[in-house]
Every structure is written in C-alpha cells, then in structure tokens.
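Input: a single structure, listed below in structure tokens.
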Amino acid sequence: MVPSVLIVDDEKHTREGLQQALVENYDVTVAANADEAFNLMDAQPFEVILTDLRMPGKSGLKVIDKALALPNRPAVLMMTAYGNIETAVEAMKRGAVDFLTKPVNIERLEVLIQRALKTKTLEVEVKQLHERLDEKFSFDGIIGTSGKLHDVIERVKLVAPSRATILIEGESGTGKELIAQAVHQASPRSRAPFIAVHCAALSENLLESELFGHERGAFTGANERRIGRFESADGGTLFLDEIGEISSSTQVKLLRFLETKSIERVGGSKPIDLDVRLVAATNRNLEQQVREGKFREDLFFRLNVVRIAMPPLRERAEDIPLLLAHYIKVFSDENGVPPLTIEPGALRTLQAYPWPGNIRELRNFCENAVVLRRGGTLSEYDLDAKYRGGSLVTAATQAAVAGAGGTAAFAPSPATAGSLSVEENEKHLLREALLKSARQSHQSRPVDGHQPPHAPPQDRAVARARRARLSQRPHRLGTRCAPGRAKVRTGSRQGASHVGPRCGSGGGTMRMGSRHALSRQMACSL
C-alpha cells in the first residue's frame, strides 16, 4: 500500500513542486491553509503530514495539534523559511518528528519521510503488543472458576495498584509467573518493563552480576560496564522466581535495595536510585528455611508484605475441564489440526488424577494428545495407566505378563507403590490388562459390526497372568464364590485360561468358553 502524505502550505508553487517531487512514491494530497487541512484530515487518514509554519490564519502549530489529536496519529514534519532554534523546539514539543528549512532539500525530505513512517510503524506495533499483553495477562486470561482461584484473583486486584512488595508461594507449575504478570498489567506500571529472573538457573556470582550489573574491570572478563536487571526494570516490575535459592551475599544486597530503593553495581561504589516494584516467588517454605538458618529473617519480613498462595491443581479439580478445553484449542490452532474431543469417561479420569506437575503437566498432556491423535476422540481406554492409578505387582505376576507380551501400561505408579496388598495389586494388574484389551477392541472395531477374525493378543496376556495368580494360590482352587455353590474347574489348560468366580447366587459349576465371558467374569470379580 502506497503511504499517504498531506502537504499544507500557503505558497502554491511550493506545495505543487513538493507534490510533483513525491507523487511517484506516495499518495500526495495538498491543502492551501490550516482550515482546508483540517477538513481533509477529518475526511481521510494520512500517514505523514508536511506543514508550513507561518500561514495566513491558523499557523502550522495548530495543524500539529489537530493531527496529533486524531485516533490514528500521523507523523508530522514542520518546514519554514524562518527556521530558528526556538521555533524548532516549539514544534518538537507539540509533537513534530522533525524540522526542515526552506528551500526544502528533496533528498533530505524523502529520508525524513521514510524515518517518520518507520517510527509510526513501530508505534503501532508497540500499541498492538501492549493490547495483546493486556489481553493475555488480564484476569480474563486466567482460566478457572474455582473458589480458591477466585480468592487469588481478588487479592491480586487489591494489591496490584499499590507499590507493595509481593511474595507468591506455590508448587512448581501452579502459575506463579502468570500471577506476577497479572499484577504488573493491572498496575500503573503496565507500560513500563516487566523483567523476570529465574534465580535457580544462575550461579551465585552470575546471579549477582545479572541482577545488579557490574563496572568495567570488576572481575576477570568484565571488559565493559553492564546494566543489571534492576536498572532495566526501572519504573516497572522485577519478578524474582525461586527466590529461596539465592545465596546469603545476594540476600544482603537484595535487603539493602528493599530498605533504600537503591543498588550498587558489582565493583562500583556509587548508589543508583531506582523505582522498581519487586515481586518474588518460591516453591519452598521460606519460614522453614528461616528456622534452619538458610534464609535471612529480616529479608523474609521485607518480602512478605503481601503473600499470595497459589493452590495446586489437585485442589481445583473443577477447573480441569476448562483448562483442558483451553489448551487443546491452543495447540490445535498452533498445529493446524482438528480439535480433540475428550469423552466423559476420560474427563472424569483426568479430573481424578492428582496432577503432581500441576498446570505445566496438564499443558504438556494436551500438546501430546493433540499432536499424536490429530483430531478424533480421546476415551478412557486411550489414557496411560498413570492417569487411572497404577499399583505394585508381585515379581512373578509381572514376569508372567511381560512374557505374554505385556507392556509398560501395566507398570505401577510410584505414588501408590506399597500401598496395596498382594491380592489387590494383582487385581489392579488384571484390571489394567482388561482395560488394555477393551481399548484395542474399541479402536479396531469394524464398521460393519463383524468381529475381527483373530482375538487381540492382550487376551492371551490376561489368561497367562490369571494362571500365574492361581499358581501362587493352589489352596484357593475349588473354593466357593459366596453366596452361590459354584466350584471352579481347573483340570485343563483351557479351563485354567477361562477360570473365574461366579458372581450370581445360584449353584453349579462354572465353565466359561469364550474370551468375552472371561472379560465379563473377571471385571465382575475385580
């Protein structure tokens, strides 16, 4: 698109000459006075306005005022035959981007127009970036409706406009930096820098230099002065993540800043006054660290002006469906694939899962599911065993399943290790085998309703696992399944493969002749 330029000058030959010089590269419009220029500016937008200073009626300074009051502010260049320092200063104060004297040098004019267009483009990009940040880190961008999250948001709304130091506590992955960003965006500092530093990722010496900067020659390799993160955040917000990891010497310097609002660069002796709001976060118990002598008590009190506790995801189970839907949409749009549909059974299973990695783990789960499945549906049979809750199994039973072609889906979850009896562990193993068999049947079910010619190999794994279980309990064979009188026959390999208790109340001997019967009976017993 050709940039539009408005030339305002009372001298006919000047404006027409400038028009002829610029018309090849720009869409040029001319006006003979300020009033005519006002009407043109109201009728259409211009990207650059070139105006004379002294004109009959209203001067060029009024043109500048009118142009900069428009919704889409154009870049304004001032020109006059009476150029002097006072006039140039006044024009720049009104908002002109540069100043030219008559007669106008066309080459210099084109350079200034290009510079003005670049400046205007940058201003538009910065405005759009701020709008995106406001949208992303506003309270509407925080996903969830749970009561605990609502309490956090209300607390943030109260403290954001203040200058108070904030300490955010919570497990890893709960969204501490997101809350810090929300504090910044809701504060009067939202147009100033937001600088984030992960304290645990830097060594002691590097962290001190990174935060406070250093003078030239302060240490080996310091060949020039370096501005630290504190100075970079002047007027804005500095977010220190994992503040419980900083060394004692850095704690002293941080305490001095909180007391005096000034810092000294490494190797320097001159105090530098700063206007920086400090927001700190930690996944550790700082009070416990204070008692153990690992964290300064006076620094803790300085940081703990306003405390915000982030709830773990397991305490906001009602927010999990909203978070899943949000991240699935994000990653589907990002990868250009159809959205993934989560079936109700899978959703209930995911809500019951404790999510030890919190939102970060859920986000990774969504990206994995979107990328690997590329649309379609996600059922409970498609979920890994850890989401359904695993358990330990005996070595013999696990070996039997592995020998039958078992997979990692049968592996126990560390969270439940050692919490169940041997019998319960074996039941969990068999349940996993049944779920895996059902999952394969669900995925490979023919469209025309006919059964596949060969049974899934998981059924053979189930049978062998069952035989391994029974081989360890010979005294249980032939027992009755209360309240009925059914006895279990195990006199043949086929019988062992299909052995299972009867869940009815009638008498008689059970003999199951199909794998489907086996699945039904085992599911009932488990």
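In the structure tokens, chains take letters A, B, ... by order of appearance, with residues numbered from 1 within each chain and ligands from 1 in the order shown.
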Near-Leu158 (chain A) list (12 Å; only C-alpha atoms; drop same-chain fewer than 6 positions) as a VMD selection string
chain A and resid 151 to 152 164 166 182 to 183 186 to 187 306 308
Restricting it to all heavy atoms, dump the selection as a PDB file, in the first residue's frame.
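Once written, out_21.pdb looks like this:
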ATOM      1  N   ASP A 151     -10.300 -16.405  44.995  1.00  0.00           N
ATOM      2  CA  ASP A 151      -9.693 -15.678  46.117  1.00  0.00           C
ATOM      3  C   ASP A 151      -8.346 -15.081  45.709  1.00  0.00           C
ATOM      4  O   ASP A 151      -8.019 -13.944  46.108  1.00  0.00           O
ATOM      5  CB  ASP A 151      -9.507 -16.614  47.313  1.00  0.00           C
ATOM      6  CG  ASP A 151     -10.835 -17.064  47.910  1.00  0.00           C
ATOM      7  OD1 ASP A 151     -11.860 -16.406  47.634  1.00  0.00           O
ATOM      8  OD2 ASP A 151     -10.843 -18.085  48.638  1.00  0.00           O
ATOM      9  N   VAL A 152      -7.566 -15.823  44.938  1.00  0.00           N
ATOM     10  CA  VAL A 152      -6.268 -15.311  44.471  1.00  0.00           C
ATOM     11  C   VAL A 152      -6.472 -14.086  43.586  1.00  0.00           C
ATOM     12  O   VAL A 152      -5.786 -13.055  43.743  1.00  0.00           O
ATOM     13  CB  VAL A 152      -5.506 -16.412  43.711  1.00  0.00           C
ATOM     14  CG1 VAL A 152      -4.293 -15.825  42.992  1.00  0.00           C
ATOM     15  CG2 VAL A 152      -5.055 -17.505  44.664  1.00  0.00           C
ATOM     16  N   ALA A 164       3.334  -2.105  46.982  1.00  0.00           N
ATOM     17  CA  ALA A 164       3.773  -3.099  47.957  1.00  0.00           C
ATOM     18  C   ALA A 164       4.531  -4.252  47.299  1.00  0.00           C
ATOM     19  O   ALA A 164       4.222  -4.684  46.185  1.00  0.00           O
ATOM     20  CB  ALA A 164       2.565  -3.651  48.712  1.00  0.00           C
ATOM     21  N   ILE A 166       5.431  -8.150  46.873  1.00  0.00           N
ATOM     22  CA  ILE A 166       4.534  -9.306  46.897  1.00  0.00           C
ATOM     23  C   ILE A 166       5.358 -10.583  46.906  1.00  0.00           C
ATOM     24  O   ILE A 166       6.346 -10.713  46.170  1.00  0.00           O
ATOM     25  CB  ILE A 166       3.586  -9.293  45.691  1.00  0.00           C
ATOM     26  CG1 ILE A 166       2.710  -8.044  45.726  1.00  0.00           C
ATOM     27  CG2 ILE A 166       2.717 -10.545  45.654  1.00  0.00           C
ATOM     28  CD1 ILE A 166       1.825  -7.890  44.515  1.00  0.00           C
ATOM     29  N   ALA A 182       0.044 -10.697  35.850  1.00  0.00           N
ATOM     30  CA  ALA A 182      -1.262 -10.076  36.051  1.00  0.00           C
ATOM     31  C   ALA A 182      -1.154  -8.890  37.010  1.00  0.00           C
ATOM     32  O   ALA A 182      -1.817  -7.865  36.821  1.00  0.00           O
ATOM     33  CB  ALA A 182      -2.255 -11.110  36.587  1.00  0.00           C
ATOM     34  N   VAL A 183      -0.326  -9.014  38.044  1.00  0.00           N
ATOM     35  CA  VAL A 183      -0.097  -7.897  38.960  1.00  0.00           C
ATOM     36  C   VAL A 183       0.477  -6.707  38.194  1.00  0.00           C
ATOM     37  O   VAL A 183       0.039  -5.556  38.366  1.00  0.00           O
ATOM     38  CB  VAL A 183       0.860  -8.323  40.098  1.00  0.00           C
ATOM     39  CG1 VAL A 183       1.319  -7.114  40.892  1.00  0.00           C
ATOM     40  CG2 VAL A 183       0.177  -9.321  41.021  1.00  0.00           C
ATOM     41  N   ALA A 186      -2.084  -5.045  35.765  1.00  0.00           N
ATOM     42  CA  ALA A 186      -3.176  -4.346  36.452  1.00  0.00           C
ATOM     43  C   ALA A 186      -2.687  -3.147  37.255  1.00  0.00           C
ATOM     44  O   ALA A 186      -3.483  -2.490  37.912  1.00  0.00           O
ATOM     45  CB  ALA A 186      -3.916  -5.322  37.364  1.00  0.00           C
ATOM     46  N   SER A 187      -1.397  -2.864  37.198  1.00  0.00           N
ATOM     47  CA  SER A 187      -0.811  -1.767  37.969  1.00  0.00           C
ATOM     48  C   SER A 187      -0.572  -0.555  37.080  1.00  0.00           C
ATOM     49  O   SER A 187      -0.608  -0.650  35.851  1.00  0.00           O
ATOM     50  CB  SER A 187       0.510  -2.221  38.595  1.00  0.00           C
ATOM     51  OG  SER A 187       1.508  -2.323  37.597  1.00  0.00           O
ATOM     52  N   VAL A 306       2.865  -8.638  51.220  1.00  0.00           N
ATOM     53  CA  VAL A 306       1.601  -9.240  50.776  1.00  0.00           C
ATOM     54  C   VAL A 306       1.921 -10.642  50.279  1.00  0.00           C
ATOM     55  O   VAL A 306       2.764 -10.814  49.398  1.00  0.00           O
ATOM     56  CB  VAL A 306       0.932  -8.422  49.659  1.00  0.00           C
ATOM     57  CG1 VAL A 306      -0.332  -9.122  49.185  1.00  0.00           C
ATOM     58  CG2 VAL A 306       0.620  -7.017  50.141  1.00  0.00           C
ATOM     59  N   ILE A 308       0.656 -14.204  48.535  1.00  0.00           N
ATOM     60  CA  ILE A 308      -0.356 -14.841  47.684  1.00  0.00           C
ATOM     61  C   ILE A 308      -0.005 -16.317  47.573  1.00  0.00           C
ATOM     62  O   ILE A 308       1.085 -16.661  47.107  1.00  0.00           O
ATOM     63  CB  ILE A 308      -0.413 -14.190  46.292  1.00  0.00           C
ATOM     64  CG1 ILE A 308      -0.819 -12.713  46.411  1.00  0.00           C
ATOM     65  CG2 ILE A 308      -1.386 -14.933  45.386  1.00  0.00           C
ATOM     66  CD1 ILE A 308      -0.815 -11.975  45.085  1.00  0.00           C
TER      67      ILE A 308
END
Every residue of region 317-385 of chain A that DSSP places in alpha helix (DSSP H), as number ranges by chain
A: 320-335, 344-352, 358-373, 385
DSSP-assigned strand (DSSP E or B) among region 107-339 of chain A, expressed as a PyMOL selection string:
chain A and resi 166-169+194-198+214+226+237-241+262-263+266+272-273+277-282+306-309
Close residues, Lys329 (chain A) itself excluded, 9 Å, only C-alpha atoms, min 4 positions apart in chain, as a PDB file with N, CA and C atoms, in the first residue's frame:
ATOM      1  N   LEU A 324      -8.321 -28.032  30.120  1.00  0.00           N
ATOM      2  CA  LEU A 324      -8.156 -28.979  29.024  1.00  0.00           C
ATOM      3  C   LEU A 324      -8.706 -28.403  27.719  1.00  0.00           C
ATOM      4  N   ALA A 325      -9.897 -27.831  27.782  1.00  0.00           N
ATOM      5  CA  ALA A 325     -10.505 -27.257  26.579  1.00  0.00           C
ATOM      6  C   ALA A 325      -9.656 -26.096  26.046  1.00  0.00           C
ATOM      7  N   ASP A 333      -4.974 -25.081  17.170  1.00  0.00           N
ATOM      8  CA  ASP A 333      -4.762 -23.940  16.277  1.00  0.00           C
ATOM      9  C   ASP A 333      -3.287 -23.806  15.904  1.00  0.00           C
ATOM     10  N   GLU A 334      -2.427 -24.060  16.864  1.00  0.00           N
ATOM     11  CA  GLU A 334      -0.991 -23.909  16.633  1.00  0.00           C
ATOM     12  C   GLU A 334      -0.469 -24.922  15.630  1.00  0.00           C
ATOM     13  N   PRO A 338      -7.549 -30.646  13.596  1.00  0.00           N
ATOM     14  CA  PRO A 338      -8.889 -30.520  14.184  1.00  0.00           C
ATOM     15  C   PRO A 338      -8.825 -30.650  15.703  1.00  0.00           C
ATOM     16  N   PRO A 339      -9.747 -29.994  16.413  1.00  0.00           N
ATOM     17  CA  PRO A 339      -9.764 -30.099  17.881  1.00  0.00           C
ATOM     18  C   PRO A 339     -10.030 -31.525  18.342  1.00  0.00           C
ATOM     19  N   LEU A 340      -9.442 -31.882  19.448  1.00  0.00           N
ATOM     20  CA  LEU A 340      -9.606 -33.216  20.034  1.00  0.00           C
ATOM     21  C   LEU A 340     -10.818 -33.193  20.965  1.00  0.00           C
TER      22      LEU A 340
END
Residues near region 104-116 of chain A, anyone? I mean within 10 Å using only C-alpha atoms, not counting same-chain ones fewer than 5 positions away, as an mmCIF file with C-alpha atoms, in the first residue's frame.
data_model
loop_
_atom_site.group_PDB
_atom_site.id
_atom_site.type_symbol
_atom_site.label_atom_id
_atom_site.label_comp_id
_atom_site.auth_asym_id
_atom_site.auth_seq_id
_atom_site.Cartn_x
_atom_site.Cartn_y
_atom_site.Cartn_z
ATOM 1 C CA PRO A 3 1.850 5.766 2.028
ATOM 2 C CA VAL A 5 1.131 12.320 2.553
ATOM 3 C CA THR A 14 5.902 25.277 -3.081
ATOM 4 C CA LEU A 18 6.653 19.157 -3.471
ATOM 5 C CA ALA A 21 8.592 15.526 -6.353
ATOM 6 C CA LEU A 22 6.820 12.983 -4.127
ATOM 7 C CA ASN A 25 6.367 7.140 -4.422
ATOM 8 C CA GLU A 47 0.379 8.691 7.486
ATOM 9 C CA VAL A 48 2.612 11.767 7.126
ATOM 10 C CA ILE A 49 1.742 15.485 7.251
ATOM 11 C CA LEU A 50 4.214 18.073 5.956
ATOM 12 C CA PRO A 74 0.115 10.722 11.649
ATOM 13 C CA ALA A 75 3.801 11.640 11.722
ATOM 14 C CA VAL A 76 4.216 15.425 11.333
ATOM 15 C CA LEU A 77 7.139 17.272 9.705
ATOM 16 C CA MET A 79 9.016 23.360 7.438
ATOM 17 C CA THR A 80 9.530 27.123 7.336
ATOM 18 C CA ALA A 81 11.689 29.846 5.801
ATOM 19 C CA ALA A 96 6.576 17.068 15.296
ATOM 20 C CA VAL A 97 9.060 14.322 14.490
ATOM 21 C CA ASP A 98 11.497 16.628 12.678
ATOM 22 C CA PHE A 99 12.070 20.121 11.265
ATOM 23 C CA THR A 121 5.047 1.559 12.268
ATOM 24 C CA LEU A 122 6.942 0.913 15.495
#
